[in-house]
Every structure is written in C-alpha cells, then in structure tokens.
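With mmCIF, C-alpha atoms and all ligand atoms inside, this is input-v4.cif:
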data_run
#
loop_
_atom_site.label_atom_id
_atom_site.label_comp_id
_atom_site.auth_asym_id
_atom_site.auth_seq_id
_atom_site.Cartn_x
_atom_site.Cartn_y
_atom_site.Cartn_z
CA MET A 13 23.57 -12.65 11.86
CA ASN A 14 21.20 -14.64 9.70
CA ASN A 15 18.16 -16.89 9.70
CA PRO A 16 15.61 -17.68 6.96
CA THR A 17 13.50 -14.59 7.73
CA LEU A 18 16.50 -12.23 7.73
CA ASP A 19 17.79 -13.87 4.54
CA LEU A 20 14.44 -13.23 2.84
CA ILE A 21 14.43 -9.61 3.99
CA HIS A 22 17.99 -9.04 2.81
CA ARG A 23 17.24 -10.57 -0.62
CA HIS A 24 14.51 -7.98 -1.31
CA ALA A 25 14.75 -6.21 -4.65
CA SER A 26 11.93 -4.42 -6.44
CA GLN A 27 10.78 -6.50 -9.40
CA ARG A 28 9.86 -4.65 -12.60
CA ARG A 29 9.86 -7.56 -15.08
CA TYR A 30 7.04 -10.13 -14.88
CA LYS A 31 5.95 -13.31 -16.61
CA PRO A 32 2.38 -13.17 -17.96
CA ASP A 33 1.30 -16.15 -15.80
CA ALA A 34 -1.63 -15.43 -13.50
CA VAL A 35 -1.25 -15.42 -9.72
CA PRO A 36 -3.80 -17.88 -8.30
CA ALA A 37 -6.50 -16.25 -6.14
CA ALA A 38 -5.37 -18.43 -3.22
CA LEU A 39 -1.91 -16.82 -3.33
CA ILE A 40 -3.33 -13.29 -3.44
CA GLU A 41 -5.45 -14.23 -0.43
CA ALA A 42 -2.42 -15.71 1.38
CA VAL A 43 -0.48 -12.48 0.81
CA VAL A 44 -3.31 -10.28 2.10
CA ALA A 45 -4.02 -12.62 5.04
CA ALA A 46 -0.34 -12.24 6.01
CA ALA A 47 -0.68 -8.45 5.74
CA GLN A 48 -3.60 -8.65 8.14
CA CYS A 49 -1.29 -10.12 10.79
CA SER A 50 0.58 -6.79 10.95
CA SER A 51 0.33 -4.67 14.05
CA THR A 52 -2.35 -2.03 13.63
CA SER A 53 -3.10 1.08 15.66
CA SER A 54 -5.59 0.19 18.47
CA ASN A 55 -6.54 -2.88 16.43
CA LEU A 56 -8.67 -0.55 14.28
CA GLN A 57 -7.30 -2.03 11.00
CA THR A 58 -7.80 1.20 9.11
CA TYR A 59 -6.76 0.05 5.67
CA SER A 60 -8.09 -1.92 2.72
CA VAL A 61 -6.50 -3.31 -0.39
CA ILE A 62 -8.07 -3.45 -3.84
CA ALA A 63 -6.71 -6.34 -5.93
CA VAL A 64 -6.94 -5.52 -9.63
CA THR A 65 -6.38 -8.28 -12.19
CA ASN A 66 -8.57 -6.96 -15.03
CA ALA A 67 -6.19 -6.10 -17.89
CA ALA A 68 -8.07 -2.99 -19.07
CA LYS A 69 -8.11 -1.62 -15.55
CA ARG A 70 -4.40 -2.36 -15.08
CA GLU A 71 -3.70 -0.60 -18.37
CA ARG A 72 -5.56 2.47 -17.10
CA LEU A 73 -3.70 2.27 -13.78
CA ALA A 74 -0.36 1.99 -15.60
CA THR A 75 -1.22 5.20 -17.47
CA LEU A 76 -2.37 7.01 -14.34
CA CYS A 77 0.70 5.84 -12.42
CA ALA A 78 3.34 7.62 -14.53
CA ASP A 79 3.00 5.32 -17.56
CA GLN A 80 4.99 2.56 -15.88
CA SER A 81 4.78 -0.48 -18.16
CA PHE A 82 5.58 -3.03 -15.43
CA ILE A 83 2.18 -2.26 -13.87
CA LEU A 84 0.51 -3.71 -16.96
CA GLU A 85 3.05 -6.51 -17.26
CA ALA A 86 2.38 -7.75 -13.71
CA PRO A 87 -0.85 -9.80 -13.55
CA VAL A 88 -1.94 -8.21 -10.26
CA PHE A 89 -2.02 -4.63 -9.00
CA LEU A 90 -2.70 -4.13 -5.32
CA ALA A 91 -3.95 -0.67 -4.35
CA TRP A 92 -3.28 -0.11 -0.66
CA VAL A 93 -5.84 2.29 0.73
CA ALA A 94 -6.04 4.19 4.03
CA ASP A 95 -9.56 3.36 5.16
CA LEU A 96 -11.62 5.18 7.78
CA ALA A 97 -14.85 4.43 5.87
CA ARG A 98 -15.27 1.13 7.69
CA LEU A 99 -15.12 2.95 11.03
CA ASP A 100 -17.85 5.35 9.82
CA ARG A 101 -20.10 2.31 9.61
CA VAL A 102 -18.86 0.94 12.96
CA CYS A 103 -19.73 4.28 14.59
CA GLU A 104 -23.10 4.35 12.83
CA LEU A 105 -23.87 0.82 14.09
CA ARG A 106 -23.07 1.95 17.63
CA GLY A 107 -24.85 5.32 17.42
CA CYS A 108 -21.90 7.70 17.29
CA THR A 109 -19.99 9.78 14.75
CA GLN A 110 -16.36 9.28 13.85
CA VAL A 111 -14.00 12.26 14.24
CA THR A 112 -11.81 12.35 11.13
CA GLU A 113 -10.92 16.02 10.81
CA HIS A 114 -7.44 15.96 12.34
CA VAL A 115 -4.11 15.17 10.72
CA GLU A 116 -3.71 12.35 13.24
CA SER A 117 -6.73 10.45 11.86
CA PHE A 118 -5.18 10.37 8.42
CA LEU A 119 -1.77 9.46 9.82
CA VAL A 120 -3.21 6.52 11.76
CA ALA A 121 -4.77 5.10 8.61
CA ALA A 122 -1.76 5.85 6.37
CA VAL A 123 0.67 4.23 8.83
CA ASP A 124 -1.56 1.15 9.27
CA CYS A 125 -1.81 0.87 5.49
CA ALA A 126 1.94 1.12 4.88
CA ILE A 127 2.78 -1.41 7.59
CA ALA A 128 0.29 -3.92 6.15
CA ALA A 129 1.63 -3.36 2.63
CA GLN A 130 5.18 -4.16 3.70
CA THR A 131 4.08 -7.37 5.42
CA ALA A 132 2.34 -8.31 2.16
CA ALA A 133 5.53 -7.55 0.24
CA LEU A 134 7.56 -9.93 2.40
CA ALA A 135 4.86 -12.60 2.28
CA ALA A 136 4.77 -12.35 -1.52
CA GLU A 137 8.55 -12.62 -1.77
CA SER A 138 8.51 -15.65 0.54
CA LEU A 139 6.22 -17.33 -2.02
CA GLY A 140 8.61 -16.60 -4.89
CA LEU A 141 6.51 -13.71 -6.20
CA GLY A 142 8.00 -10.32 -7.07
CA ILE A 143 6.64 -6.93 -6.06
CA CYS A 144 7.26 -3.30 -6.81
CA TYR A 145 5.68 -0.49 -4.85
CA VAL A 146 3.95 2.19 -6.93
CA GLY A 147 4.02 5.57 -5.21
CA SER A 148 2.83 7.18 -8.43
CA ILE A 149 -0.65 5.91 -7.55
CA ARG A 150 -0.73 9.40 -5.98
CA ASN A 151 0.15 11.16 -9.27
CA ASN A 152 -3.52 11.29 -10.26
CA PRO A 153 -5.30 10.44 -7.01
CA GLN A 154 -8.78 11.60 -8.06
CA GLU A 155 -8.73 9.45 -11.20
CA VAL A 156 -7.58 6.43 -9.15
CA ILE A 157 -10.33 7.11 -6.59
CA ASP A 158 -12.90 7.21 -9.41
CA LEU A 159 -11.53 4.09 -11.14
CA LEU A 160 -11.50 2.01 -7.94
CA GLU A 161 -14.73 3.58 -6.63
CA LEU A 162 -13.08 4.52 -3.34
CA PRO A 163 -15.64 5.97 -0.92
CA ARG A 164 -15.35 9.04 1.33
CA HIS A 165 -12.79 8.56 4.12
CA THR A 166 -10.54 6.35 2.01
CA PHE A 167 -7.38 7.34 0.14
CA PRO A 168 -4.91 5.46 -2.08
CA ILE A 169 -1.56 5.41 -0.25
CA VAL A 170 0.56 3.16 -2.41
CA GLY A 171 0.19 0.65 -5.21
CA MET A 172 2.04 -2.65 -5.56
CA SER A 173 2.61 -4.73 -8.68
CA LEU A 174 2.59 -8.46 -7.96
CA GLY A 175 3.57 -11.35 -10.18
CA TRP A 176 6.10 -14.00 -11.11
CA PRO A 177 9.58 -12.59 -11.73
CA ALA A 178 10.72 -12.81 -15.37
CA LYS A 179 14.27 -11.73 -14.54
CA GLU A 180 16.43 -11.64 -11.45
CA ALA A 181 16.22 -8.25 -9.75
CA HIS A 182 19.42 -7.05 -8.15
CA THR A 183 19.50 -5.85 -4.57
CA LYS A 184 20.41 -2.21 -4.11
CA PRO A 185 22.92 -1.09 -1.49
CA ARG A 186 21.54 0.86 1.44
CA LEU A 187 22.94 3.74 3.48
CA PRO A 188 25.51 2.68 6.04
CA LEU A 189 23.81 1.61 9.25
CA SER A 190 25.51 4.53 11.03
CA ALA A 191 23.32 7.01 9.07
CA ILE A 192 20.10 5.31 10.07
CA LEU A 193 20.79 3.93 13.55
CA HIS A 194 21.21 6.72 16.09
CA ARG A 195 21.97 5.89 19.68
CA GLU A 196 20.11 7.75 22.42
CA THR A 197 19.91 11.05 20.46
CA TYR A 198 19.81 12.10 16.81
CA GLN A 199 23.28 12.49 15.27
CA THR A 200 23.35 15.23 12.64
CA ASN A 201 26.85 14.67 11.25
CA GLN A 202 26.32 11.90 8.71
CA ASP A 203 28.53 13.26 5.93
CA ALA A 204 31.04 10.40 5.96
CA ALA A 205 28.23 7.86 5.62
CA LEU A 206 26.58 9.91 2.85
CA LEU A 207 29.80 10.13 0.85
CA GLU A 208 30.48 6.43 1.29
CA TYR A 209 26.97 5.61 0.06
CA ASP A 210 27.29 8.04 -2.85
CA GLN A 211 30.28 6.03 -4.10
CA SER A 212 28.67 2.62 -3.59
CA MET A 213 25.50 3.65 -5.47
CA ALA A 214 27.49 5.28 -8.32
CA ALA A 215 29.50 2.04 -8.62
CA THR A 216 26.32 0.05 -9.37
CA GLY A 217 25.94 1.97 -12.67
CA ILE A 218 22.26 2.47 -11.88
CA TYR A 219 22.22 6.13 -12.90
CA ALA A 220 23.38 5.62 -16.50
CA GLY A 221 20.60 7.15 -18.62
CA ARG A 222 18.48 7.76 -15.52
CA GLN A 223 19.63 11.17 -14.34
CA VAL A 224 17.04 13.52 -12.91
CA PRO A 225 17.15 16.62 -15.14
CA ALA A 226 18.30 19.84 -13.48
CA THR A 227 18.87 23.09 -15.36
CA GLY A 228 22.39 24.46 -15.19
CA LYS A 229 23.68 21.28 -13.57
CA SER A 230 26.52 19.12 -14.84
CA GLU A 231 25.52 15.96 -16.68
CA ASN A 232 28.99 14.56 -15.99
CA MET A 233 28.47 10.97 -14.81
CA ALA A 234 31.59 11.22 -12.65
CA ASP A 235 29.73 13.73 -10.44
CA TYR A 236 26.47 11.85 -10.50
CA GLY A 237 25.77 9.46 -7.64
CA TRP A 238 23.17 9.08 -4.91
CA LEU A 239 23.87 12.59 -3.55
CA GLU A 240 23.23 14.36 -6.88
CA HIS A 241 20.30 12.10 -7.79
CA SER A 242 18.59 12.51 -4.43
CA ALA A 243 19.30 16.23 -4.16
CA ARG A 244 17.75 16.82 -7.59
CA ARG A 245 14.70 14.75 -6.67
CA ALA A 246 14.27 16.41 -3.30
CA ALA A 247 14.59 19.90 -4.81
CA ARG A 248 11.47 19.43 -6.97
CA PRO A 249 7.91 19.91 -5.75
CA VAL A 250 5.95 16.66 -5.73
CA ARG A 251 2.20 16.13 -6.08
CA ALA A 252 1.43 19.61 -4.83
CA GLY A 253 -2.33 19.20 -5.36
CA MET A 254 -2.72 16.35 -2.86
CA ARG A 255 -4.36 18.32 -0.08
CA ALA A 256 -7.39 19.27 -2.20
CA VAL A 257 -8.07 15.61 -3.06
CA LEU A 258 -7.59 14.55 0.57
CA GLU A 259 -10.12 17.20 1.64
CA LYS A 260 -12.57 16.01 -1.02
CA GLN A 261 -12.27 12.49 0.41
CA GLY A 262 -13.20 13.86 3.84
CA PHE A 263 -9.72 14.22 5.35
CA GLU A 264 -9.64 17.83 6.57
CA LEU A 265 -6.12 17.55 8.07
CA LYS A 266 -6.72 20.14 10.80
C1 LIG A 301 6.32 4.19 -1.19
C2 LIG A 301 7.12 3.70 -2.37
C3 LIG A 301 6.79 4.10 -3.64
C4 LIG A 301 7.50 3.61 -4.76
N1 LIG A 301 7.09 3.95 -6.01
C5 LIG A 301 7.72 3.42 -7.08
C6 LIG A 301 7.24 3.68 -8.41
O1 LIG A 301 6.24 4.37 -8.61
N2 LIG A 301 7.91 3.10 -9.44
C7 LIG A 301 9.00 2.30 -9.25
O2 LIG A 301 9.54 1.81 -10.26
N3 LIG A 301 9.45 2.02 -8.03
C8 LIG A 301 8.84 2.55 -6.93
N4 LIG A 301 9.26 2.25 -5.67
C9 LIG A 301 10.41 1.34 -5.49
C10 LIG A 301 11.66 2.10 -5.05
O3 LIG A 301 12.21 2.79 -6.13
C11 LIG A 301 12.64 1.07 -4.48
O4 LIG A 301 12.08 0.44 -3.36
C12 LIG A 301 13.96 1.73 -4.07
O5 LIG A 301 14.62 2.26 -5.19
C13 LIG A 301 14.88 0.70 -3.42
O6 LIG A 301 15.10 -0.38 -4.31
P1 LIG A 301 14.72 -1.88 -3.94
O7 LIG A 301 13.28 -1.91 -3.52
O8 LIG A 301 14.97 -2.68 -5.18
O9 LIG A 301 15.62 -2.29 -2.82
C14 LIG A 301 8.60 2.74 -4.55
C15 LIG A 301 8.93 2.35 -3.25
C16 LIG A 301 8.20 2.81 -2.19
C17 LIG A 301 8.56 2.32 -0.80
#

Take the structure from the file and write it as structure tokens.
Ligand SMILES: Cc1cc2nc3c(=O)[nH]c(=O)nc-3n(C[C@H](O)[C@H](O)[C@H](O)COP(=O)(O)O)c2cc1C
Amino acid sequence: MNNPTLDLIHRHASQRRYKPDAVPAALIEAVVAAAQCSSTSSNLQTYSVIAVTNAAKRERLATLCADQSFILEAPVFLAWVADLARLDRVCELRGCTQVTEHVESFLVAAVDCAIAAQTAALAAESLGLGICYVGSIRNNPQEVIDLLELPRHTFPIVGMSLGWPAKEAHTKPRLPLSAILHRETYQTNQDAALLEYDQSMAATGIYAGRQVPATGKSENMADYGWLEHSARRAARPVRAGMRAVLEKQGFELK
C-alpha cells in the first residue's frame, strides 16, 4: 500500500552529513508549526523546543552530546523539552498550584514532547531537510539545562539536528512486522523474527568497525549482527544519574 505520506515515512533515514547552508527561519517555523498539530494529552501541550543556530552553542552541545560532530555540522539543533513550567504559570494565573510530583506528570510531558518531535521530523523530511535525533542530549542533562537556561519543571528529552543533506542516507531495515504487531494479546515467541532481522541487519555491513565492546566476547564479525549489537547495548547501564537531575528540575517521580 502506498501514497505520498506513506512513501515519505518509508523513505526516512537519519541524516548525519549536512551542507553548511543555513535553514531559513521560515522553514524552522514551518517544522515547529507542524509539530504543534500533533495530538497532545488533554490539549495541555506540555512541551517546548529550543532552536539553536549559534555556532558556539552548537559546538558546546556537540561536546555535551557524546562529541557527535554532525551536531555541529548541521546548522540547526532542536532541543525538545518536556515542559510543565508553562502550566505552573497557567495555574498561578487561575489561583491554583500544579501537582507535578507523580511519575505520570513527567510521562505526560515526555510523551507529548516525543510525539511532537516525530511530527517535526516528518515535516522536515517533507521539505527536503534531513534530521537525526540526539538521545545523548541526556548524557549531561544538567549542563544542557544550564546552557539552554531551562527552568524548573522542564527537562530535555531529545535533541534533533536539522539541515540540508550533504549525502544520501540509506534506510535501515526494521524488525519483521510480526515482532511488532501483536493481535489481541502479546506474543512472546518472536525468535524466528529476531533471527531473520539479525541476518538482514548483518547483511547491511553497518556493524563493521562499530561493534559495542564487551569483555570476553567474540569480535568475530560472522557472529555480530543486530542480536549481538543490541544485547551488548542493553546489558550496559545507561545514564544512571538521571533521577537526581529530574528531581532537581522539580520532577519528584513519586
Ligand atoms: C530517541 C532517539 C535518540 C537517538 N539518539 C541518537 C544519537 O544520539 N546519535 C545518533 O547518531 N543517532 C541517534 N538516534 C538515531 C537512531 O540511531 C536511528 O533512528 C536508528 O538507528 C534507526 O535508523 P534510521 O533513523 O536511519 O532509520 C536516535 C534516535 C532516537 C529515536
């Protein structure tokens, strides 16, 4: 099945090579205006996005976000932020106090933020721009909060580089639909789909020189596909200090 929207979605590939050409402010605004059309929990719109074009700031962000050079190469960095600060003001204007202490409050804002970011991604790609999400915006969350002057009750969820593609990015195969689409109840036996995907990812050659290190594990490329790569990644702790920064930003996560 296909139509222009599905074709655009299926052509998605993260872009990590950018031309230096600026993205006009009108295009950044078009991308964010599209993001604003996303569904949002109770129409609360609990997210914001900080558009960074300043080169020195992007250089700092590139360093903070795992030294990824494409962040500096891309002329725009969008920091997608879960935002309950705006509702603090709304409550103040109407003489009440926002309850933010539960996990659910943070989830509402984080989900809103991620949904809006993905709409922006598709809008950008429809305009011929390239994007790459930057999860490593959470590698040094306090430094990012300080750099972007994020107030209490906001938190950086994900970054996004934005710019004109300098090179064609290749689409990456996905898990077989049977692993993702469950009918009526969750199906736990997905091994056949996992093995099939392991082979199709290994065949792309993507892992050459990009293995996740693991002590005592074989570095034999023949054994190294999506299963080994993902298992090694999933077996490592990630960003273990996050809770303390969330609490400092006023998200108690009770
Ligand atoms: C939340 C999130 C965080 C990501 N963070 C990074 C990142 O820090 N650096 C990077 O190069 N790619 C990052 N990516 C891109 C993924 O690696 C990419 O989407 C995935 O490998 C699938 O490839 P594709 O987007 O080209 O289809 C991120 C993607 C998401 C959704």

One decimal, in Å: what's the spacing between CA of His194 in chain A and CA of Leu206 in chain A?
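Calculated distance between CA of His194 in chain A and CA of Leu206 in chain A is 14.6 Å.
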
Counting only C-alpha atoms and all ligand atoms, figure out which residue out of A:Leu90, A:Val156, A:Ala214, A:Cys77 gets nearest to ligand LIG 301 (chain A).
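Once distances to ligand LIG 301 (chain A) are computed over only C-alpha atoms and all ligand atoms, the minimum belongs to A:Cys77.
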
Taking only C-alpha atoms into account, which of A:Thr166, A:Ser117, A:Gln48, A:Gln130 comes nearest His24 in chain A?
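Using only C-alpha atoms, the shortest distance to His24 in chain A belongs to A:Gln130.
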
Of the listed residues A:Val146, A:Leu159, A:Ile218, A:Ala256, that which approaches Ala78 in chain A most closely, counting all atoms listed in the file
A:Val146

To one decimal in Å, tell me the separation between atom C4 of ligand LIG 301 (chain A) and CA of Ala204 in chain A.
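Result for atom C4 of ligand LIG 301 (chain A) versus CA of Ala204 in chain A: 26.7 Å, one decimal.
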
Would you list the residues that come within 7 Å of ligand LIG 301 (chain A)? Count all atoms listed in the file and give the answer as a list in words.
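Residues lying within 7 Å of ligand LIG 301 (chain A): His24, Ala25, Ser26, Arg28, Cys77, Cys144, Tyr145, Val146, Gly147, Ser148, Val170, His182, Thr183 and Lys184 of chain A.
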
So the first atom is CA of Asp203 in chain A and the second is CA of Ala191 in chain A; what is the distance between them in Å, to one decimal place?
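If I compute the distance from CA of Asp203 in chain A to CA of Ala191 in chain A, I get 8.7 Å.
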
Residue contacts of Ile21 in chain A (10 Å, all atoms listed in the file) excluding same-chain residues fewer than 3 positions away, as a list in words
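Contacts, with the query itself left out: Asn15, Pro16, Thr17, Leu18, His24, Ala25, Ala133, Leu134, Glu137 and Ser138 of chain A.
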
Shortest interatomic distance to Ala205 in chain A - which of A:Gln223, A:Trp238, A:Ser60, A:Ala178, counting all atoms listed in the file
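Among A:Gln223, A:Trp238, A:Ser60, A:Ala178, it is A:Trp238 that comes nearest to Ala205 in chain A.
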